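J.: Sharing data.cif, mmCIF, C-alpha atoms and all ligand atoms:
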```cif
data_model
#
loop_
_atom_site.label_atom_id
_atom_site.label_comp_id
_atom_site.auth_asym_id
_atom_site.auth_seq_id
_atom_site.Cartn_x
_atom_site.Cartn_y
_atom_site.Cartn_z
CA MET A 152 0.00 0.00 0.00
CA MET A 153 0.96 3.62 -0.67
CA GLN A 154 2.34 5.67 2.23
CA PRO A 155 -0.35 7.79 3.90
CA TYR A 156 -0.68 11.09 2.16
CA ARG A 157 1.00 13.86 4.24
CA THR A 158 -0.31 17.42 4.21
CA SER A 159 -1.21 20.18 6.60
CA THR A 160 -4.93 19.97 7.22
CA ARG A 161 -7.06 23.11 7.08
CA VAL A 162 -10.50 23.16 8.71
CA LEU A 163 -12.87 25.55 6.94
CA ASP A 164 -16.16 26.64 8.45
CA ALA A 165 -18.68 25.72 5.77
CA LEU A 166 -21.71 27.08 7.64
CA SER A 167 -20.69 30.74 7.86
CA ASP A 168 -21.07 33.67 5.45
CA GLN A 169 -17.73 32.70 3.94
CA SER A 170 -18.95 29.24 3.01
CA ASP A 171 -18.98 29.96 -0.76
CA ASP A 172 -15.29 30.69 -0.54
CA ALA A 173 -14.69 27.51 1.49
CA ILE A 174 -16.52 25.44 -1.15
CA GLN A 175 -14.45 27.03 -3.95
CA GLN A 176 -11.17 26.29 -2.16
CA ALA A 177 -12.26 22.73 -1.48
CA ALA A 178 -13.37 22.23 -5.10
CA ALA A 179 -9.96 23.44 -6.29
CA VAL A 180 -8.28 20.87 -4.02
CA ILE A 181 -10.46 18.10 -5.50
CA GLN A 182 -9.63 19.26 -9.05
CA ARG A 183 -5.90 19.08 -8.42
CA GLY A 184 -6.17 15.56 -6.99
CA GLY A 185 -6.22 16.35 -3.25
CA LEU A 186 -8.46 15.17 -0.43
CA VAL A 187 -11.41 17.01 1.12
CA ALA A 188 -13.49 15.73 4.03
CA PHE A 189 -17.05 16.99 3.84
CA PRO A 190 -20.35 16.53 5.66
CA THR A 191 -23.23 14.53 4.23
CA GLU A 192 -26.56 13.86 5.92
CA THR A 193 -25.27 10.45 7.06
CA VAL A 194 -21.60 10.76 8.09
CA TYR A 195 -18.56 12.76 6.92
CA GLY A 196 -16.97 11.54 3.69
CA LEU A 197 -13.30 11.59 2.65
CA GLY A 198 -13.59 12.91 -0.90
CA ALA A 199 -11.40 12.90 -3.99
CA ASP A 200 -11.94 13.23 -7.75
CA GLY A 201 -13.84 10.04 -8.51
CA LEU A 202 -12.58 9.90 -12.09
CA SER A 203 -8.89 10.12 -11.14
CA GLU A 204 -7.22 6.85 -10.21
CA ALA A 205 -4.32 8.69 -8.52
CA ALA A 206 -6.62 10.85 -6.39
CA VAL A 207 -8.67 7.81 -5.33
CA ALA A 208 -5.45 5.98 -4.42
CA ARG A 209 -4.79 8.77 -1.91
CA ILE A 210 -8.09 8.00 -0.17
CA PHE A 211 -7.01 4.39 0.38
CA ALA A 212 -3.61 5.49 1.67
CA ALA A 213 -5.02 8.14 4.02
CA LYS A 214 -7.54 5.72 5.54
CA GLU A 215 -5.22 2.71 5.46
CA ARG A 216 -8.13 1.02 3.74
CA PRO A 217 -7.58 -2.33 2.01
CA ALA A 218 -7.64 -2.01 -1.79
CA ASN A 219 -10.35 -4.69 -2.07
CA ASP A 220 -12.97 -2.44 -0.46
CA PRO A 221 -14.66 -0.29 -3.17
CA VAL A 222 -15.81 3.31 -2.59
CA ILE A 223 -19.02 5.18 -3.40
CA LEU A 224 -19.21 7.86 -6.11
CA HIS A 225 -21.24 10.88 -4.99
CA VAL A 226 -23.17 12.82 -7.63
CA ALA A 227 -25.25 16.00 -7.62
CA SER A 228 -27.47 15.20 -10.61
CA LEU A 229 -29.24 12.21 -12.12
CA GLY A 230 -27.51 12.97 -15.42
CA ALA A 231 -24.15 12.11 -13.86
CA VAL A 232 -25.31 8.53 -13.25
CA ALA A 233 -25.33 7.70 -16.96
CA ARG A 234 -21.67 8.75 -17.22
CA ILE A 235 -20.48 6.39 -14.50
CA ALA A 236 -22.93 3.48 -14.83
CA GLN A 237 -24.29 1.51 -17.80
CA ASN A 238 -27.35 -0.69 -18.40
CA VAL A 239 -29.00 1.20 -15.57
CA PRO A 240 -32.23 -0.67 -14.70
CA SER A 241 -35.51 1.23 -14.39
CA ALA A 242 -35.60 0.34 -10.67
CA ALA A 243 -32.59 2.64 -10.21
CA TYR A 244 -34.52 5.60 -11.58
CA THR A 245 -37.55 4.68 -9.49
CA LEU A 246 -35.49 4.59 -6.29
CA ALA A 247 -33.47 7.67 -7.20
CA GLY A 248 -36.69 9.54 -7.97
CA ALA A 249 -38.17 8.57 -4.61
CA PHE A 250 -35.13 8.88 -2.32
CA TRP A 251 -32.40 11.09 -3.86
CA PRO A 252 -30.91 13.20 -2.60
CA GLY A 253 -30.85 10.93 0.44
CA PRO A 254 -29.19 8.10 2.41
CA LEU A 255 -29.43 5.51 -0.38
CA THR A 256 -26.52 4.07 -2.39
CA LEU A 257 -27.20 2.09 -5.58
CA VAL A 258 -24.79 -0.53 -6.91
CA LEU A 259 -24.93 -0.49 -10.73
CA ARG A 260 -22.90 -1.74 -13.71
CA ARG A 261 -19.78 0.36 -14.07
CA GLN A 262 -18.79 2.46 -17.09
CA PRO A 263 -15.23 1.74 -18.25
CA GLN A 264 -14.16 5.35 -17.59
CA VAL A 265 -14.59 4.81 -13.82
CA PRO A 266 -11.12 4.06 -12.41
CA ALA A 267 -10.65 0.43 -11.37
CA ASN A 268 -9.68 1.32 -7.80
CA VAL A 269 -13.06 3.04 -7.18
CA SER A 270 -14.70 -0.34 -7.75
CA ALA A 271 -11.85 -2.39 -6.29
CA GLY A 272 -11.59 -4.15 -9.63
CA ARG A 273 -15.26 -5.16 -9.83
CA ASP A 274 -17.49 -4.44 -12.81
CA THR A 275 -19.95 -2.58 -10.60
CA VAL A 276 -19.98 0.92 -9.13
CA ALA A 277 -21.78 2.34 -6.10
CA VAL A 278 -23.49 5.73 -6.60
CA ARG A 279 -25.32 8.08 -4.29
CA MET A 280 -26.67 11.64 -4.22
CA PRO A 281 -26.20 12.95 -0.67
CA ASP A 282 -28.85 15.17 0.90
CA HIS A 283 -26.60 17.92 2.19
CA PRO A 284 -26.19 21.42 0.75
CA ILE A 285 -22.42 21.50 1.39
CA ALA A 286 -21.86 18.10 -0.25
CA LEU A 287 -24.00 19.01 -3.26
CA ALA A 288 -22.31 22.41 -3.66
CA LEU A 289 -18.87 20.79 -3.48
CA ILE A 290 -19.70 18.15 -6.11
CA ARG A 291 -21.13 20.83 -8.44
CA ALA A 292 -18.18 23.20 -7.96
CA ALA A 293 -15.65 20.39 -8.50
CA GLY A 294 -17.46 19.36 -11.69
CA THR A 295 -16.74 15.66 -11.13
CA PRO A 296 -18.28 12.80 -9.20
CA ILE A 297 -16.63 12.66 -5.78
CA ALA A 298 -15.40 9.30 -4.53
CA ALA A 299 -15.85 9.17 -0.78
CA PRO A 300 -15.77 6.51 1.89
CA SER A 301 -16.55 7.54 5.45
CA ALA A 302 -13.76 9.85 6.70
CA ASN A 303 -12.42 7.59 9.45
CA ARG A 304 -9.35 5.43 9.61
CA PHE A 305 -10.09 1.85 8.58
CA SER A 306 -12.16 -0.05 11.17
CA ARG A 307 -12.77 3.05 13.32
CA PRO A 308 -16.34 4.32 13.85
CA SER A 309 -17.61 6.60 11.07
CA PRO A 310 -17.21 10.32 11.82
CA THR A 311 -20.30 12.40 12.50
CA SER A 312 -18.45 15.67 13.19
CA ALA A 313 -15.44 17.54 11.81
CA GLN A 314 -13.69 16.85 15.13
CA HIS A 315 -14.02 13.08 14.58
CA VAL A 316 -12.47 13.50 11.12
CA LEU A 317 -9.54 15.42 12.56
CA SER A 318 -8.87 12.92 15.30
CA ASP A 319 -8.49 10.18 12.67
CA LEU A 320 -7.08 12.03 9.67
CA ASP A 321 -5.31 15.23 10.77
CA GLY A 322 -2.30 15.67 8.48
CA ARG A 323 -3.75 13.26 5.90
CA VAL A 324 -6.51 15.39 4.36
CA ASP A 325 -6.04 18.83 2.76
CA ILE A 326 -9.31 20.41 3.85
CA VAL A 327 -12.05 19.50 6.30
CA LEU A 328 -15.30 21.33 5.54
CA ASP A 329 -16.94 21.76 8.93
CA GLY A 330 -20.71 21.61 8.57
CA GLY A 331 -21.48 20.71 12.17
CA PRO A 332 -22.79 17.33 13.35
CA THR A 333 -24.48 15.12 10.75
CA GLN A 334 -28.23 14.52 10.90
CA VAL A 335 -28.72 10.81 10.25
CA GLY A 336 -25.58 9.49 11.93
CA VAL A 337 -25.37 6.06 10.29
CA GLU A 338 -24.19 5.48 6.72
CA SER A 339 -26.43 5.10 3.68
CA THR A 340 -28.45 1.99 2.91
CA ILE A 341 -26.77 0.14 0.01
CA VAL A 342 -28.96 -1.62 -2.59
CA ASP A 343 -27.39 -3.82 -5.26
CA LEU A 344 -29.35 -3.64 -8.52
CA THR A 345 -26.93 -5.74 -10.58
CA GLY A 346 -28.11 -9.20 -9.50
CA GLN A 347 -31.13 -11.37 -10.32
CA ARG A 348 -33.02 -9.82 -7.46
CA PRO A 349 -32.43 -6.40 -5.84
CA ALA A 350 -30.62 -6.88 -2.54
CA VAL A 351 -29.69 -4.77 0.46
CA LEU A 352 -25.95 -5.03 1.07
CA ARG A 353 -25.93 -2.74 4.11
CA PRO A 354 -28.89 -1.49 6.16
CA GLY A 355 -28.49 2.23 6.82
CA GLY A 356 -30.11 5.62 6.96
CA LEU A 357 -32.99 4.73 4.63
CA PRO A 358 -35.30 2.16 6.29
CA LEU A 359 -36.01 -1.10 4.45
CA GLU A 360 -39.77 -0.57 4.78
CA LYS A 361 -39.53 2.58 2.65
CA LEU A 362 -37.53 0.78 -0.03
CA ARG A 363 -39.99 -2.12 -0.07
CA GLU A 364 -42.84 0.29 -0.90
CA HIS A 365 -41.13 0.60 -4.28
CA LEU A 366 -39.32 -2.75 -4.49
CA PRO A 367 -41.49 -5.39 -2.78
CA ASP A 368 -39.09 -8.23 -3.66
CA LEU A 369 -36.04 -6.52 -2.14
CA ALA A 370 -33.85 -9.17 -0.47
CA PHE A 371 -31.96 -8.68 2.78
CA THR A 372 -29.68 -11.27 4.32
CA PRO A 373 -27.63 -10.06 7.28
CA GLN A 374 -23.94 -10.52 6.45
CA HIS A 375 -22.48 -10.10 9.92
CA PHE A 376 -20.74 -13.37 10.12
CA ALA A 377 -18.92 -13.20 6.82
CA GLU A 378 -15.26 -13.88 7.28
CA SER A 379 -13.17 -12.36 4.52
CA ALA A 380 -13.46 -9.39 2.20
CA GLU A 381 -13.45 -11.66 -0.85
CA SER A 382 -16.53 -13.59 0.21
CA VAL A 383 -18.94 -10.72 0.85
CA PRO A 384 -20.83 -8.62 -1.69
CA ALA A 385 -20.04 -5.35 0.16
CA PRO A 386 -16.61 -5.84 1.73
CA GLY A 387 -17.23 -3.02 4.20
CA THR A 388 -19.83 -5.23 5.82
CA LEU A 389 -16.98 -7.20 7.35
CA LEU A 390 -17.44 -7.98 10.97
CA LYS A 391 -14.43 -6.19 12.33
CA HIS A 392 -15.76 -2.74 11.65
CA TYR A 393 -16.54 0.24 13.83
CA SER A 394 -14.66 -1.61 16.55
CA PRO A 395 -13.94 0.48 19.59
CA ASP A 396 -10.63 -0.13 21.37
CA ALA A 397 -12.62 -1.30 24.38
CA GLU A 398 -14.48 -4.59 24.05
CA LEU A 399 -18.17 -3.98 23.36
CA LEU A 400 -20.37 -6.37 25.37
CA LEU A 401 -23.71 -6.45 23.60
CA PHE A 402 -26.64 -7.89 25.56
CA ARG A 403 -29.98 -9.04 24.21
CA GLY A 404 -33.03 -10.08 26.17
CA PRO A 405 -36.23 -8.91 27.87
CA ALA A 406 -35.91 -5.79 30.02
CA ASP A 407 -36.74 -7.52 33.32
CA VAL A 408 -33.75 -9.87 33.03
CA VAL A 409 -31.29 -8.09 30.75
CA TYR A 410 -30.62 -5.05 32.95
CA PRO A 411 -29.89 -7.09 36.09
CA ALA A 412 -27.56 -9.28 34.00
CA MET A 413 -25.77 -6.22 32.63
CA CYS A 414 -25.39 -4.72 36.12
CA ALA A 415 -24.03 -7.99 37.45
CA ARG A 416 -21.47 -8.21 34.64
CA ALA A 417 -20.45 -4.56 35.09
CA ALA A 418 -20.05 -5.01 38.85
CA GLN A 419 -17.96 -8.14 38.27
CA LEU A 420 -15.66 -6.36 35.82
CA LEU A 421 -15.31 -3.34 38.12
CA ALA A 422 -14.47 -5.61 41.05
CA ALA A 423 -11.73 -7.17 38.94
CA GLY A 424 -10.25 -3.71 38.40
CA HIS A 425 -11.46 -3.09 34.85
CA ALA A 426 -12.70 0.28 33.61
CA VAL A 427 -16.26 -0.08 32.35
CA GLY A 428 -18.50 2.24 30.33
CA LEU A 429 -22.17 2.15 29.34
CA LEU A 430 -23.70 2.95 25.94
CA LEU A 431 -27.37 3.56 26.71
CA LYS A 432 -30.66 5.06 25.73
CA ASP A 433 -31.55 7.90 28.12
CA ASP A 434 -34.21 5.92 29.96
CA GLU A 435 -31.90 2.93 30.49
CA LEU A 436 -29.58 4.88 32.78
CA ALA A 437 -31.90 4.42 35.78
CA HIS A 438 -31.15 0.67 35.73
CA PHE A 439 -27.47 1.32 36.44
CA GLU A 440 -27.75 3.70 39.39
CA GLY A 441 -24.78 3.62 41.72
CA LEU A 442 -22.41 1.87 39.31
CA PRO A 443 -19.13 3.81 38.99
CA ALA A 444 -19.19 3.65 35.18
CA PRO A 445 -19.38 6.58 32.73
CA ALA A 446 -22.33 6.49 30.33
CA ALA A 447 -22.82 7.85 26.81
CA LEU A 448 -26.52 8.57 26.31
CA LEU A 449 -28.07 8.06 22.89
CA GLY A 450 -31.53 9.61 23.30
CA HIS A 451 -34.97 8.06 23.35
CA ASP A 452 -35.63 6.34 20.03
CA ALA A 453 -33.94 4.67 17.07
CA VAL A 454 -33.60 7.95 15.17
CA SER A 455 -31.67 9.64 17.97
CA MET A 456 -29.69 6.46 18.66
CA ALA A 457 -28.56 6.43 15.01
CA ARG A 458 -27.61 10.09 15.23
CA SER A 459 -25.50 9.73 18.36
CA LEU A 460 -24.21 6.13 18.20
CA PHE A 461 -20.77 6.72 16.66
CA ALA A 462 -20.14 9.85 18.74
CA GLY A 463 -21.07 7.85 21.84
CA ILE A 464 -18.66 5.05 20.97
CA ARG A 465 -15.87 7.56 20.28
CA GLN A 466 -16.61 9.43 23.52
CA LEU A 467 -16.36 6.25 25.61
CA ASP A 468 -13.34 5.04 23.68
CA GLY A 469 -11.57 8.28 24.53
CA LEU A 470 -11.75 7.29 28.21
CA GLY A 471 -9.48 4.28 27.75
CA LEU A 472 -12.01 1.74 28.97
CA ASP A 473 -11.63 -2.01 28.99
CA ALA A 474 -15.27 -2.79 28.29
CA ILE A 475 -18.41 -1.03 27.09
CA LEU A 476 -21.82 -2.54 27.85
CA ALA A 477 -24.84 -1.95 25.61
CA ARG A 478 -28.24 -3.52 25.02
CA MET A 479 -29.53 -4.45 21.58
CA PRO A 480 -32.45 -2.09 20.86
CA ASP A 481 -35.97 -3.53 20.77
CA GLU A 482 -36.79 -1.73 17.50
CA ALA A 483 -35.91 -3.96 14.56
CA ASP A 484 -37.63 -1.72 12.01
CA GLY A 485 -36.91 1.81 10.79
CA LEU A 486 -33.45 2.98 11.82
CA GLY A 487 -33.43 0.30 14.53
CA LEU A 488 -32.12 -2.20 11.97
CA ALA A 489 -29.11 -0.03 11.11
CA VAL A 490 -28.41 0.70 14.79
CA SER A 491 -28.55 -3.02 15.67
CA ASP A 492 -26.29 -3.80 12.70
CA ARG A 493 -23.63 -1.25 13.76
CA LEU A 494 -23.77 -2.39 17.39
CA LEU A 495 -23.35 -6.00 16.33
CA ARG A 496 -20.32 -5.11 14.20
CA ALA A 497 -18.82 -3.06 17.03
CA ALA A 498 -19.25 -6.18 19.19
CA GLU A 499 -17.50 -8.21 16.47
CA GLY A 500 -20.61 -10.31 16.01
CA ARG A 501 -20.94 -11.55 19.58
CA ILE A 502 -24.22 -11.24 21.45
CA ILE A 503 -24.72 -12.10 25.10
CA GLU A 504 -28.20 -13.65 25.16
CA VAL A 505 -30.13 -13.30 28.41
CA PRO A 506 -33.06 -15.73 28.29
CA ALA A 507 -36.53 -14.79 29.51
CA ARG A 508 -37.55 -16.02 32.95
CA ARG A 509 -39.70 -19.09 32.67
O1 LIG B 601 -23.44 7.24 3.93
C1 LIG B 601 -22.50 6.75 3.31
O2 LIG B 601 -22.65 5.80 2.52
C2 LIG B 601 -21.12 7.35 3.54
C3 LIG B 601 -21.14 8.81 3.06
C4 LIG B 601 -19.79 9.45 3.13
O3 LIG B 601 -21.67 8.85 1.76
N1 LIG B 601 -20.12 6.60 2.87
C5 LIG B 601 -19.71 5.39 3.30
O4 LIG B 601 -18.68 4.86 2.54
O5 LIG B 601 -20.20 4.82 4.25
P1 LIG B 601 -17.84 3.58 3.04
O6 LIG B 601 -16.79 3.42 2.00
O7 LIG B 601 -17.39 3.77 4.41
O8 LIG B 601 -18.85 2.41 2.88
C6 LIG B 601 -19.28 2.09 1.58
C7 LIG B 601 -19.62 0.67 1.46
C8 LIG B 601 -18.47 -0.27 1.69
O9 LIG B 601 -18.91 -1.29 2.56
C9 LIG B 601 -18.16 -0.83 0.32
O10 LIG B 601 -17.71 -2.14 0.39
C10 LIG B 601 -19.52 -0.73 -0.35
O11 LIG B 601 -20.05 0.45 0.12
N2 LIG B 601 -19.38 -0.64 -1.81
C11 LIG B 601 -18.83 0.37 -2.51
N3 LIG B 601 -18.82 0.08 -3.83
C12 LIG B 601 -19.40 -1.12 -3.96
C13 LIG B 601 -19.67 -1.98 -5.05
N4 LIG B 601 -19.34 -1.64 -6.30
N5 LIG B 601 -20.28 -3.16 -4.80
C14 LIG B 601 -20.60 -3.51 -3.55
N6 LIG B 601 -20.35 -2.76 -2.47
C15 LIG B 601 -19.76 -1.58 -2.67
MG MG B 602 -16.85 3.32 6.24
#
```
How does the structure come out when it is put into structure tokens?

T.:
Amino acid sequence: MMQPYRTSTRVLDALSDQSDDAIQQAAAVIQRGGLVAFPTETVYGLGADGLSEAAVARIFAAKERPANDPVILHVASLGAVARIAQNVPSAAYTLAGAFWPGPLTLVLRRQPQVPANVSAGRDTVAVRMPDHPIALALIRAAGTPIAAPSANRFSRPSPTSAQHVLSDLDGRVDIVLDGGPTQVGVESTIVDLTGQRPAVLRPGGLPLEKLREHLPDLAFTPQHFAESAESVPAPGTLLKHYSPDAELLLFRGPADVVYPAMCARAAQLLAAGHAVGLLLKDDELAHFEGLPAPAALLGHDAVSMARSLFAGIRQLDGLGLDAILARMPDEADGLGLAVSDRLLRAAEGRIIEVPARR
């Protein structure tokens, strides 16, 4: 792999009156093959000219991302899709019409002009139109599709603020456009339209139920237990992803038994001298009263959990803990699916099942 790209990082406020100027500077960096981190509605992206193989190579180097993990091309118009994808099925236009700009990525057949490293050598390409004024303005000003994975180092939680980007990539990205915290908080939902049957490769910011209103036969098979990048349709769905430095202990079970089990485990770890943290919904905190363990609170519902999940993991990870305890959310629909998926990955696929009392 290439050496990480070295540069002095500039953070530009993209919300202020000067934001037009910030966008122009960032677009110029993209055009000369540099790297710009920018906000989208989901998470921050690490962007480069998506039609330049050399610029895209810098993304992989900066993130220390394996070359077999393809990146998404971000567009600002439907017209741009025809230049990067071919044999685009009508379902793509249906979904784009319904959900773009928005947290939906479509995997399509790739046009030959798309650099091979964007697609990690595959004959497909992932495309999305982000729902964020700064992202859209940057893509338009750069005049090229922008290749962008999440702007974190490989296997770290995705960044939902400019500060998260800096803590992973300071000195490796030319400009960070600071647009404040992101709205959705989990990455886009990825739908593969190149197979026999449309399939979800990654649950994300767009709920499955909404997609199924347009694509009733949409398939979804959780991929959590896939072992190697070669064997999975979306290599980023590898298990060891979003992993905090602390071990995430993920509990699942009915409320009346799961909280006592979590408290018992936390107390046991604390007694053994380990530093323990809690990743909780606001109303779960009451179950842990008196435990000397810091908590990151994620709000009241799946939408707020999605928004604050990665920040919560980063916050706890910054405390140098040995273990973080969390409970699998009850909501399996809406954004609950994406939240459960990210928690499961952070726990490296392990769930501590607490059976119901009988
Ligand atoms: O919300 C998002 O999708 C964010 C923002 C920045 O747009 N981006 C993001 O990118 O999450 P990344 O690279 O962290 O995750 C993209 C996922 C990876 O798991 C990758 O394997 C998959 O998309 N992917 C990209 N191109 C693909 C392709 N041609 N076929 C299958 N999977 C693909
Ligand atoms: Mg990522």

J.: For each of A:Leu259, A:Leu488, A:Phe402, A:Ala397, take the minimum atom-to-atom distance to Leu470 of chain A, counting only C-alpha atoms, then give the residue where this is smallest.

T.: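 Result for the nearest residue to Leu470 of chain A: A:Ala397.
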
J.: List every residue of chain A that has an atom at most 10 Å from any atom of ligand MG 602 (chain B), giving for each one its closest atom pair and the distance in Å to one decimal, counting only C-alpha atoms and all ligand atoms, sorted by chain and then by ascending residue number, as JSON lines.

T.:
```
{"residue": "A:Val194", "atom": "CA", "partner": "B:MG602", "partner_atom": "MG", "distance": 9.0}
{"residue": "A:Tyr195", "atom": "CA", "partner": "B:MG602", "partner_atom": "MG", "distance": 9.6}
{"residue": "A:Gly196", "atom": "CA", "partner": "B:MG602", "partner_atom": "MG", "distance": 8.6}
{"residue": "A:Leu197", "atom": "CA", "partner": "B:MG602", "partner_atom": "MG", "distance": 9.7}
{"residue": "A:Lys214", "atom": "CA", "partner": "B:MG602", "partner_atom": "MG", "distance": 9.6}
{"residue": "A:Arg216", "atom": "CA", "partner": "B:MG602", "partner_atom": "MG", "distance": 9.4}
{"residue": "A:Asp220", "atom": "CA", "partner": "B:MG602", "partner_atom": "MG", "distance": 9.6}
{"residue": "A:Val222", "atom": "CA", "partner": "B:MG602", "partner_atom": "MG", "distance": 8.9}
{"residue": "A:Ala299", "atom": "CA", "partner": "B:MG602", "partner_atom": "MG", "distance": 9.2}
{"residue": "A:Pro300", "atom": "CA", "partner": "B:MG602", "partner_atom": "MG", "distance": 5.5}
{"residue": "A:Ser301", "atom": "CA", "partner": "B:MG602", "partner_atom": "MG", "distance": 4.3}
{"residue": "A:Ala302", "atom": "CA", "partner": "B:MG602", "partner_atom": "MG", "distance": 7.2}
{"residue": "A:Asn303", "atom": "CA", "partner": "B:MG602", "partner_atom": "MG", "distance": 6.9}
{"residue": "A:Arg304", "atom": "CA", "partner": "B:MG602", "partner_atom": "MG", "distance": 8.5}
{"residue": "A:Phe305", "atom": "CA", "partner": "B:MG602", "partner_atom": "MG", "distance": 7.3}
{"residue": "A:Ser306", "atom": "CA", "partner": "B:MG602", "partner_atom": "MG", "distance": 7.6}
{"residue": "A:Arg307", "atom": "CA", "partner": "B:MG602", "partner_atom": "MG", "distance": 8.2}
{"residue": "A:Pro308", "atom": "CA", "partner": "B:MG602", "partner_atom": "MG", "distance": 7.7}
{"residue": "A:Ser309", "atom": "CA", "partner": "B:MG602", "partner_atom": "MG", "distance": 5.9}
{"residue": "A:Pro310", "atom": "CA", "partner": "B:MG602", "partner_atom": "MG", "distance": 9.0}
{"residue": "A:Val337", "atom": "CA", "partner": "B:MG602", "partner_atom": "MG", "distance": 9.8}
{"residue": "A:Glu338", "atom": "CA", "partner": "B:MG602", "partner_atom": "MG", "distance": 7.7}
{"residue": "A:Gly387", "atom": "CA", "partner": "B:MG602", "partner_atom": "MG", "distance": 6.7}
{"residue": "A:Thr388", "atom": "CA", "partner": "B:MG602", "partner_atom": "MG", "distance": 9.1}
{"residue": "A:His392", "atom": "CA", "partner": "B:MG602", "partner_atom": "MG", "distance": 8.2}
{"residue": "A:Tyr393", "atom": "CA", "partner": "B:MG602", "partner_atom": "MG", "distance": 8.2}
```

J.: Which neighbours of Leu202 of chain A fall inside 10 Å, counting only C-alpha atoms, when residues of the same chain fewer than 2 positions from it are skipped, and could you give them as a PyMOL selection string?

T.: chain A and resi 184+199-200+204-207+224+235+264-267+269+295-298

J.: Keeping only C-alpha atoms, write the selected residues as a tab-separated table (two decimals), in the coordinates of the input.

T.:
```tsv
chain	number	residue	atom	x	y	z
A	184	GLY	CA	-6.17	15.56	-6.99
A	199	ALA	CA	-11.40	12.90	-3.99
A	200	ASP	CA	-11.94	13.23	-7.75
A	204	GLU	CA	-7.22	6.85	-10.21
A	205	ALA	CA	-4.32	8.69	-8.52
A	206	ALA	CA	-6.62	10.85	-6.39
A	207	VAL	CA	-8.67	7.81	-5.33
A	224	LEU	CA	-19.21	7.86	-6.11
A	235	ILE	CA	-20.48	6.39	-14.50
A	264	GLN	CA	-14.16	5.35	-17.59
A	265	VAL	CA	-14.59	4.81	-13.82
A	266	PRO	CA	-11.12	4.06	-12.41
A	267	ALA	CA	-10.65	0.43	-11.37
A	269	VAL	CA	-13.06	3.04	-7.18
A	295	THR	CA	-16.74	15.66	-11.13
A	296	PRO	CA	-18.28	12.80	-9.20
A	297	ILE	CA	-16.63	12.66	-5.78
A	298	ALA	CA	-15.40	9.30	-4.53
```

J.: Between A:Arg496, A:Arg291, A:Arg234, A:Arg323, which is the closest to Arg261 of chain A once you count all atoms listed in the file?

T.: A:Arg234

J.: Using only C-alpha atoms, which protein or nucleic acid residues come within 8 Å of Val324 of chain A? Drop anything in the same chain fewer than 2 positions from it, and give the result as a ChimeraX atom specification.

T.: /A:156-160,185-188,197,213,320-322,326-327

J.: Using all atoms listed in the file, pick whichever of A:Ala178, A:Ala406, A:Leu420, A:Ala277 has the shortest atom-to-atom distance to ligand LIG 601 (chain B).

T.: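 Closest to ligand LIG 601 (chain B), using all atoms listed in the file: A:Ala277.
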
J.: Using all atoms listed in the file, pick whichever of A:Glu499, A:Asp164, A:Asp343, A:Asp329 has the shortest atom-to-atom distance to ligand LIG 601 (chain B).

T.: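 The shortest atom-to-atom distance to ligand LIG 601 (chain B) comes from A:Asp343.
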
J.: Restricting the calculation to all atoms listed in the file: of A:Val276, A:Met153, A:Ala271, A:Ala177, which residue gets closest to ligand LIG 601 (chain B)?

T.: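 For ligand LIG 601 (chain B), the nearest of the given residues is A:Val276.
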
J.: Which of these residues is nearest to Asp492 of chain A, using all atoms listed in the file: A:Leu472, A:Trp251, A:Arg478, A:Pro354?

T.: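 Among A:Leu472, A:Trp251, A:Arg478, A:Pro354, it is A:Pro354 that comes nearest to Asp492 of chain A.
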
J.: Quick one: pull the distance between atom CA of Arg509 of chain A and atom CA of Met479 of chain A, Å, one decimal.

T.: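 About the pair atom CA of Arg509 of chain A and atom CA of Met479 of chain A: they are 21.0 Å apart.
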
J.: Residues within 7 Å of Val278 of chain A, please, as a ChimeraX atom specification. Count all atoms listed in the file; anything in the same chain fewer than 4 positions from it doesn't count.

T.: /A:223-225,256-258

J.: Can you spit out the residues from that selection as a short mmCIF file (atom, residue, chain, number, x, y, z; two decimals), in the coordinates of the input, using C-alpha atoms?

T.:
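See again-v2.cif below for the written result:
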```cif
data_model
loop_
_atom_site.label_atom_id
_atom_site.label_comp_id
_atom_site.auth_asym_id
_atom_site.auth_seq_id
_atom_site.Cartn_x
_atom_site.Cartn_y
_atom_site.Cartn_z
CA ILE A 223 -19.02 5.18 -3.40
CA LEU A 224 -19.21 7.86 -6.11
CA HIS A 225 -21.24 10.88 -4.99
CA THR A 256 -26.52 4.07 -2.39
CA LEU A 257 -27.20 2.09 -5.58
CA VAL A 258 -24.79 -0.53 -6.91
#
```

J.: Using all atoms of segment 408-425 of chain A listed in the file and a margin of 4 Å per side, can you give the axis-aligned box centre and edge lengths in Å to one decimal, as JSON?

T.:
```
{"center_x": -22.0, "center_y": -6.5, "center_z": 35.9, "size_x": 31.5, "size_y": 14.8, "size_z": 18.3}
```

J.: With a distance cut-off of 10 Å and only C-alpha atoms, select the neighbouring residues of Leu421 of chain A, excluding the residue or stretch itself and same-chain residues fewer than 2 positions from it, and output the selection as an mmCIF file with C-alpha atoms, in the frame of the given file.

T.:
```cif
data_model
loop_
_atom_site.group_PDB
_atom_site.id
_atom_site.type_symbol
_atom_site.label_atom_id
_atom_site.label_comp_id
_atom_site.auth_asym_id
_atom_site.auth_seq_id
_atom_site.Cartn_x
_atom_site.Cartn_y
_atom_site.Cartn_z
ATOM 1 C CA ALA A 415 -24.030 -7.990 37.450
ATOM 2 C CA ARG A 416 -21.470 -8.210 34.640
ATOM 3 C CA ALA A 417 -20.450 -4.560 35.090
ATOM 4 C CA ALA A 418 -20.050 -5.010 38.850
ATOM 5 C CA GLN A 419 -17.960 -8.140 38.270
ATOM 6 C CA ALA A 423 -11.730 -7.170 38.940
ATOM 7 C CA GLY A 424 -10.250 -3.710 38.400
ATOM 8 C CA HIS A 425 -11.460 -3.090 34.850
ATOM 9 C CA ALA A 426 -12.700 0.280 33.610
ATOM 10 C CA VAL A 427 -16.260 -0.080 32.350
ATOM 11 C CA LEU A 442 -22.410 1.870 39.310
ATOM 12 C CA PRO A 443 -19.130 3.810 38.990
ATOM 13 C CA ALA A 444 -19.190 3.650 35.180
ATOM 14 C CA ASP A 473 -11.630 -2.010 28.990
ATOM 15 C CA ALA A 474 -15.270 -2.790 28.290
#
```
